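File shown: my_file_2.cif. Contents: mmCIF, C-alpha atoms.
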data_my_file
loop_
_atom_site.label_atom_id
_atom_site.label_comp_id
_atom_site.auth_asym_id
_atom_site.auth_seq_id
_atom_site.Cartn_x
_atom_site.Cartn_y
_atom_site.Cartn_z
CA MET J 1041 11.10 161.04 -237.24
CA ASN J 1042 14.61 161.53 -235.99
CA VAL J 1043 15.83 158.49 -237.90
CA LEU J 1044 18.36 160.49 -239.89
CA PHE J 1045 20.08 161.68 -236.71
CA ILE J 1046 20.19 158.14 -235.31
CA VAL J 1047 21.62 156.66 -238.52
CA SER J 1048 24.35 159.30 -238.82
CA SER J 1049 25.25 159.07 -235.13
CA VAL J 1050 25.55 155.26 -235.38
CA VAL J 1051 27.81 155.70 -238.42
CA ALA J 1052 29.93 158.24 -236.52
CA VAL J 1053 30.30 155.99 -233.45
CA ILE J 1054 31.18 152.90 -235.53
CA ALA J 1055 33.71 154.85 -237.60
CA SER J 1056 35.34 156.35 -234.47
CA ALA J 1057 35.57 152.92 -232.83
CA MET J 1058 37.14 151.50 -235.99
CA ALA J 1059 39.55 154.45 -236.24
CA ILE J 1060 41.14 153.89 -232.84
CA THR J 1061 41.48 150.11 -233.26
CA ARG J 1062 43.22 149.93 -236.65
CA ARG J 1063 46.88 148.99 -236.82
CA ASN J 1064 47.65 150.88 -240.00
CA ALA J 1065 47.55 154.68 -239.68
CA VAL J 1066 46.18 155.24 -243.19
CA HIS J 1067 43.23 152.90 -242.57
CA ALA J 1068 42.48 154.69 -239.31
CA LEU J 1069 42.56 158.05 -241.09
CA LEU J 1070 39.97 156.86 -243.62
CA PHE J 1071 37.65 155.89 -240.76
CA LEU J 1072 38.32 159.15 -238.94
CA ILE J 1073 37.27 161.15 -242.02
CA VAL J 1074 34.03 159.14 -242.18
CA SER J 1075 33.49 159.80 -238.47
CA LEU J 1076 33.88 163.56 -238.99
CA MET J 1077 31.41 163.44 -241.88
CA GLY J 1078 28.97 161.57 -239.63
CA VAL J 1079 29.26 164.25 -236.94
CA SER J 1080 28.72 166.86 -239.64
CA MET J 1081 25.48 165.14 -240.70
CA MET J 1082 24.41 165.05 -237.05
CA MET J 1083 24.95 168.81 -236.83
CA TYR J 1084 22.92 169.28 -239.99
CA THR J 1085 19.98 167.26 -238.69
CA ILE J 1086 19.81 169.18 -235.40
CA GLY J 1087 19.56 172.46 -237.30
CA ALA J 1088 23.08 173.86 -237.56
CA PRO J 1089 23.93 173.83 -241.29
CA TYR J 1090 26.77 176.36 -240.96
CA ALA J 1091 28.60 174.25 -238.39
CA ALA J 1092 28.06 171.17 -240.55
CA VAL J 1093 29.60 172.80 -243.62
CA LEU J 1094 32.54 174.14 -241.59
CA GLU J 1095 33.10 170.69 -240.12
CA ILE J 1096 33.45 169.25 -243.62
CA ILE J 1097 35.61 172.08 -245.00
CA VAL J 1098 37.96 172.66 -242.07
CA TYR J 1099 38.07 169.31 -240.24
CA ALA J 1100 37.66 166.72 -243.00
CA GLY J 1101 39.13 168.96 -245.68
CA ALA J 1102 42.08 170.75 -244.12
CA ILE J 1103 43.05 169.08 -240.83
CA MET J 1104 42.69 165.52 -242.09
CA MET J 1105 44.65 166.39 -245.23
CA LEU J 1106 47.45 167.59 -242.93
CA PHE J 1107 47.30 164.22 -241.15
CA VAL J 1108 47.33 162.25 -244.41
CA PHE J 1109 50.27 164.23 -245.78
CA THR J 1110 52.26 163.76 -242.57
CA VAL J 1111 51.61 160.03 -242.41
CA MET J 1112 52.55 159.64 -246.07
CA MET J 1113 55.69 161.75 -245.53
CA LEU J 1114 56.85 159.74 -242.52
CA ASN J 1115 56.37 156.58 -244.63
CA LEU J 1116 56.10 154.21 -241.66
CA SER J 1117 55.47 151.19 -243.87
CA VAL J 1118 58.49 150.53 -245.98
CA SER J 1119 57.91 147.04 -247.39
CA PRO J 1120 56.05 146.75 -250.75
CA GLU J 1121 53.40 144.40 -249.38
CA ASP J 1122 52.58 146.93 -246.68
CA GLU J 1123 52.03 149.54 -249.34
CA LYS J 1124 49.85 147.11 -251.26
CA ARG J 1125 47.80 146.49 -248.14
CA GLN J 1126 47.34 150.23 -247.66
CA THR J 1127 45.54 150.71 -250.94
CA GLY J 1128 43.82 147.33 -251.38
CA PHE J 1129 40.14 146.68 -251.98
CA LYS J 1130 39.44 145.50 -248.44
CA THR J 1131 40.91 148.70 -247.07
CA TRP J 1132 38.56 151.21 -248.59
CA ILE J 1133 35.34 149.25 -249.02
CA PHE J 1134 34.11 149.60 -245.43
CA PRO J 1135 34.71 153.36 -245.13
CA MET J 1136 33.12 153.70 -248.57
CA VAL J 1137 29.99 151.85 -247.38
CA LEU J 1138 29.73 154.07 -244.30
CA GLY J 1139 30.19 157.18 -246.45
CA ALA J 1140 27.53 155.96 -248.89
CA ILE J 1141 25.09 155.56 -245.98
CA LEU J 1142 25.79 159.17 -244.99
CA LEU J 1143 25.25 160.30 -248.60
CA GLY J 1144 21.90 158.49 -248.63
CA VAL J 1145 20.95 160.19 -245.37
CA MET J 1146 21.78 163.57 -246.88
CA PHE J 1147 19.69 162.95 -250.01
CA LEU J 1148 16.78 161.74 -247.87
CA SER J 1149 16.94 164.88 -245.76
CA PHE J 1150 16.92 167.02 -248.92
CA LEU J 1151 14.03 165.15 -250.56
CA SER J 1152 11.77 164.60 -247.61
CA ASN J 1153 9.66 167.26 -245.97
CA PRO J 1154 11.26 168.95 -242.95
CA SER J 1155 8.95 167.37 -240.39
CA TRP J 1156 10.06 163.85 -241.33
CA SER J 1157 13.77 164.56 -241.48
CA GLY J 1158 13.69 165.94 -237.95
CA LEU J 1159 15.03 169.32 -238.96
CA GLN J 1160 14.15 171.64 -236.16
CA GLN J 1161 14.49 175.40 -236.26
CA THR J 1162 17.69 176.10 -238.13
CA ILE J 1163 20.15 178.82 -237.14
CA SER J 1164 21.28 180.65 -240.25
CA PRO J 1165 24.94 181.50 -240.99
CA LYS J 1166 23.93 185.16 -240.97
CA GLN J 1167 22.95 184.99 -237.30
CA VAL J 1168 26.24 183.26 -236.43
CA GLY J 1169 28.33 185.80 -238.34
CA THR J 1170 26.52 188.76 -236.85
CA LEU J 1171 27.02 187.46 -233.33
CA MET J 1172 30.64 186.53 -234.01
CA PHE J 1173 31.61 190.02 -235.14
CA SER J 1174 29.64 191.91 -232.52
CA ARG J 1175 29.67 190.30 -229.09
CA TYR J 1176 32.52 187.83 -229.72
CA LEU J 1177 34.83 190.28 -231.51
CA LEU J 1178 37.65 190.09 -228.97
CA PRO J 1179 37.71 186.25 -228.82
CA VAL J 1180 37.82 186.16 -232.63
CA GLN J 1181 40.91 188.39 -232.61
CA ILE J 1182 42.51 186.26 -229.89
CA ALA J 1183 41.83 183.20 -232.07
CA GLY J 1184 43.65 184.95 -234.90
CA VAL J 1185 46.67 185.53 -232.66
CA LEU J 1186 46.53 181.87 -231.62
CA LEU J 1187 46.65 180.78 -235.26
CA LEU J 1188 49.62 183.09 -235.87
CA ALA J 1189 51.42 181.56 -232.88
CA ALA J 1190 50.66 178.09 -234.25
CA ILE J 1191 52.16 178.99 -237.64
CA VAL J 1192 55.33 180.38 -236.05
CA GLY J 1193 55.61 177.39 -233.67
CA ALA J 1194 55.13 174.84 -236.43
CA TYR J 1195 57.75 176.57 -238.54
CA TYR J 1196 60.20 176.68 -235.64
CA LEU J 1197 59.74 172.99 -234.85
CA GLY J 1198 59.77 171.81 -238.43
CA ARG J 1199 62.72 173.72 -239.84
CA THR J 1200 65.92 171.92 -240.74
CA ARG J 1201 68.68 172.83 -238.34
CA LYS J 1202 71.84 173.89 -240.10
CA ARG J 1203 75.07 173.16 -238.30
CA ASN J 1204 77.27 176.22 -238.29
CA LEU J 1205 80.88 175.21 -238.06
CA HIS J 1206 84.04 177.15 -238.49
CA ARG J 1207 85.84 176.78 -241.83
CA TYR J 1208 88.66 174.86 -240.20
CA LEU J 1209 86.30 172.44 -238.47
CA GLN J 1210 84.31 171.92 -241.65
CA ASN J 1211 87.36 170.47 -243.31
CA THR J 1212 88.19 168.15 -240.44
CA GLU J 1213 84.59 166.91 -240.20
CA GLU J 1214 84.86 165.18 -243.56
CA GLU J 1215 87.54 162.73 -242.48
CA MET H 10 12.41 167.12 -232.70
CA ILE H 11 15.42 165.11 -231.58
CA PRO H 12 15.64 164.78 -227.79
CA PHE H 13 18.43 166.87 -226.31
CA GLU H 14 19.45 164.00 -224.01
CA MET H 15 20.11 161.81 -227.04
CA GLN H 16 22.40 164.40 -228.63
CA ILE H 17 24.39 164.79 -225.42
CA LEU H 18 24.54 160.99 -225.07
CA VAL H 19 26.04 160.64 -228.56
CA ALA H 20 28.60 163.35 -227.74
CA ALA H 21 29.50 161.53 -224.51
CA ILE H 22 29.91 158.20 -226.35
CA LEU H 23 32.19 159.80 -228.93
CA PHE H 24 34.22 161.49 -226.17
CA THR H 25 34.60 158.16 -224.34
CA ILE H 26 35.77 156.43 -227.52
CA GLY H 27 38.38 159.13 -227.97
CA LEU H 28 39.47 158.89 -224.34
CA ILE H 29 39.84 155.10 -224.56
CA GLY H 30 41.91 155.51 -227.70
CA LEU H 31 44.12 158.12 -226.05
CA LEU H 32 44.74 155.92 -223.01
CA THR H 33 45.31 152.61 -224.79
CA ARG H 34 47.28 153.48 -227.92
CA ARG H 35 51.00 154.23 -227.66
CA ASN H 36 51.43 155.43 -231.22
CA LEU H 37 51.63 159.23 -231.37
CA ILE H 38 49.57 159.44 -234.59
CA PHE H 39 46.72 157.45 -233.02
CA MET H 40 46.87 159.51 -229.84
CA LEU H 41 46.50 162.68 -231.91
CA MET H 42 43.56 161.18 -233.77
CA SER H 43 41.90 160.28 -230.45
CA VAL H 44 42.32 163.87 -229.27
CA GLU H 45 40.65 164.97 -232.49
CA ILE H 46 37.67 162.68 -231.80
CA MET H 47 37.36 164.07 -228.26
CA MET H 48 37.50 167.69 -229.45
CA ASN H 49 34.92 166.88 -232.09
CA ALA H 50 32.59 165.43 -229.46
CA GLY H 51 32.96 168.53 -227.29
CA ALA H 52 32.28 170.80 -230.26
CA PHE H 53 29.18 168.78 -231.09
CA ALA H 54 27.96 169.21 -227.52
CA PHE H 55 28.32 173.01 -227.96
CA VAL H 56 26.35 172.94 -231.21
CA ALA H 57 23.67 170.71 -229.67
CA ALA H 58 23.23 173.10 -226.75
CA GLY H 59 23.00 176.02 -229.19
CA ALA H 60 20.30 174.18 -231.14
CA ARG H 61 18.44 173.29 -227.95
CA TRP H 62 18.00 176.93 -226.88
CA ILE H 63 17.92 178.20 -230.51
CA GLN H 64 20.83 180.57 -229.97
CA PRO H 65 23.77 181.04 -232.38
CA ASP H 66 26.28 181.14 -229.48
CA GLY H 67 26.85 177.39 -229.73
CA GLN H 68 28.05 177.63 -233.30
CA VAL H 69 30.35 180.55 -232.43
CA MET H 70 31.91 178.35 -229.75
CA PHE H 71 32.21 175.59 -232.37
CA LEU H 72 34.26 177.99 -234.49
CA PHE H 73 36.63 178.61 -231.58
CA VAL H 74 36.99 174.86 -230.99
CA LEU H 75 37.81 174.53 -234.68
CA THR H 76 40.53 177.18 -234.38
CA VAL H 77 42.07 175.51 -231.34
CA ALA H 78 41.98 172.12 -233.09
CA ALA H 79 43.73 173.53 -236.17
CA ALA H 80 46.47 175.16 -234.06
CA GLU H 81 46.91 172.00 -231.97
CA VAL H 82 47.22 169.77 -235.03
CA ALA H 83 49.79 172.07 -236.66
CA ILE H 84 52.03 172.06 -233.57
CA ALA H 85 51.51 168.36 -232.81
CA LEU H 86 52.32 167.22 -236.32
CA ALA H 87 55.49 169.33 -236.28
CA LEU H 88 56.43 167.62 -233.00
CA LEU H 89 55.62 164.24 -234.60
CA ILE H 90 57.96 164.92 -237.51
CA LEU H 91 60.66 166.08 -235.06
CA MET H 92 60.25 162.91 -233.00
CA HIS H 93 60.45 160.73 -236.11
CA LYS H 94 63.62 162.56 -237.12
CA LEU H 95 65.26 162.06 -233.70
CA PHE H 96 64.06 158.58 -232.70
CA LYS H 97 63.16 156.99 -236.05
CA SER H 98 59.83 155.91 -234.52
CA VAL H 99 56.54 157.38 -233.30
CA ASP H 100 56.17 155.15 -230.24
CA THR H 101 55.77 157.25 -227.09
CA ASN H 102 57.33 154.53 -224.92
CA GLN H 103 60.70 155.54 -226.36
CA LEU H 104 60.35 159.02 -224.87
CA ASN H 105 61.12 157.82 -221.34
CA SER H 106 64.64 159.19 -221.03
CA LEU H 107 65.65 162.79 -220.42
CA LYS H 108 69.01 162.56 -222.14
CA ASN H 109 70.12 160.04 -224.74
#
Take the structure from the file and write it as structure tokens.
Amino acid sequence: MNVLFIVSSVVAVIASAMAITRRNAVHALLFLIVSLMGVSMMMYTIGAPYAAVLEIIVYAGAIMMLFVFTVMMLNLSVSPEDEKRQTGFKTWIFPMVLGAILLGVMFLSFLSNPSWSGLQQTISPKQVGTLMFSRYLLPVQIAGVLLLAAIVGAYYLGRTRKRNLHRYLQNTEEE
Amino acid sequence: MIPFEMQILVAAILFTIGLIGLLTRRNLIFMLMSVEIMMNAGAFAFVAAGARWIQPDGQVMFLFVLTVAAAEVAIALALLILMHKLFKSVDTNQLNSLKN
């Protein structure tokens, strides 16, 4: 009855445990994305489709992309064999298997009747949006200010600092 | 119907995995990923409670957790890049001195 929830939660727990024990950051990120997708399927099976979709779009889509870009930019593995190990067959086959299990769970939940898939009463996105812009209006605006502060802070920390020297000192610096 | 206790148990297991990762790893990237797992588990607990009492409040709280996670990741990754620029490594054990 609630087999879909159990399968996706087992996938999520295994993927999280693998993510924190890897040595290579890129491998761990692959497992972390699978873990987020597993949590998203869990949310779907307990009747929160809006949260599940947002989990995929924002967490696995945007935040994890930020992680992947940063890890690739830092380029912590410099030797060619390290790079080969990052993209080898053994690297991606296990996350792929876990992701395929989640895909199968999703198809089963679509095909089967709601009583078998364990879908309880779902909360529609309309209800969430109505509540968010009526009772939670002030927290939503505060969240917007928080995001603005995060943008400004990230820009301040990440900018390249230019050294301002006097013309005379600039010439002596070269020597 | 999925038992509510089971949902909370899964959230607790995920949170514990994230906490263990945060305490044991000394690489800043892995510590950030562990924090992400913990936040995710907390957000799932909110959504599970919302589904238990069939109220949309849980998913609204999930949205706020999502916002905080996005802001945290943006700042933390900027700090990570800054640390890699200054120390040429992302090991937090090298951050034990105040000056030089």
Exercise. Run the PyMOL selection byres ((chain H and resi 61-75) around 9) on the file and write out the hits as JSON, numbers by chain.
Key: {"J": [1086, 1088, 1090, 1091, 1094, 1095, 1098, 1099, 1161, 1162, 1163, 1164, 1165, 1167, 1168, 1169, 1171, 1172, 1176, 1179, 1180, 1183], "H": [12, 13, 48, 49, 51, 52, 53, 54, 55, 56, 57, 58, 59, 60, 76, 77, 78, 79, 80]}
Go through chain J residue by residue and, counting all atoms listed in the file, keep those with an atom at most 6 Å from chain H; for each kept residue give the shortest atom pair and its distance in Å to one decimal, ordered by chain and increasing number, as JSON lines.
{"residue": "J:Asn1042", "atom": "CA", "partner": "H:Ile11", "partner_atom": "CA", "distance": 5.7}
{"residue": "J:Ile1060", "atom": "CA", "partner": "H:Gly30", "partner_atom": "CA", "distance": 5.4}
{"residue": "J:Gly1158", "atom": "CA", "partner": "H:Met10", "partner_atom": "CA", "distance": 5.5}
{"residue": "J:Gln1160", "atom": "CA", "partner": "H:Met10", "partner_atom": "CA", "distance": 6.0}
{"residue": "J:Val1168", "atom": "CA", "partner": "H:Pro65", "partner_atom": "CA", "distance": 5.2}
{"residue": "J:Leu1187", "atom": "CA", "partner": "H:Ala80", "partner_atom": "CA", "distance": 5.7}
{"residue": "J:Ala1190", "atom": "CA", "partner": "H:Ala80", "partner_atom": "CA", "distance": 5.1}
{"residue": "J:Ala1194", "atom": "CA", "partner": "H:Ile84", "partner_atom": "CA", "distance": 5.1}
{"residue": "J:Leu1197", "atom": "CA", "partner": "H:Ala87", "partner_atom": "CA", "distance": 5.8}
{"residue": "J:Gly1198", "atom": "CA", "partner": "H:Ala87", "partner_atom": "CA", "distance": 5.4}
Quiz prompt | Polymer residues at most 10 Å from (42.9, 154.6, -247.1) by all atoms listed in the file, as a list in words | solution = Asn1064, Ala1065, Val1066, His1067, Ala1068, Leu1069, Leu1070, Phe1071, Val1108, Arg1125, Gln1126, Thr1127, Gly1128, Phe1129, Lys1130, Thr1131, Trp1132, Ile1133, Pro1135 and Met1136 of chain J
Exercise. Give me, please, the distance in Å between CA of Leu1072 (chain J) and CA of Ile1097 (chain J), quoted to one decimal.
Key: 14.5 Å
Quiz item: Given the choices H:Ser106, H:Glu14, H:Thr101, H:Met92, which gets closest to Leu32 (chain H) if the distance is worked out from all atoms listed in the file?
Solution: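 Answer, going by the shortest atom-to-atom distance: H:Thr101.
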Quiz prompt | CA of Gly1139 (chain J) to CA of Ala1102 (chain J), distance in Å rounded to a single decimal | solution =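 These atoms are spaced 18.2 Å apart.
Of note, CA of Met47 (chain H) and CA of Ile1073 (chain J) are spaced 14.1 Å apart.
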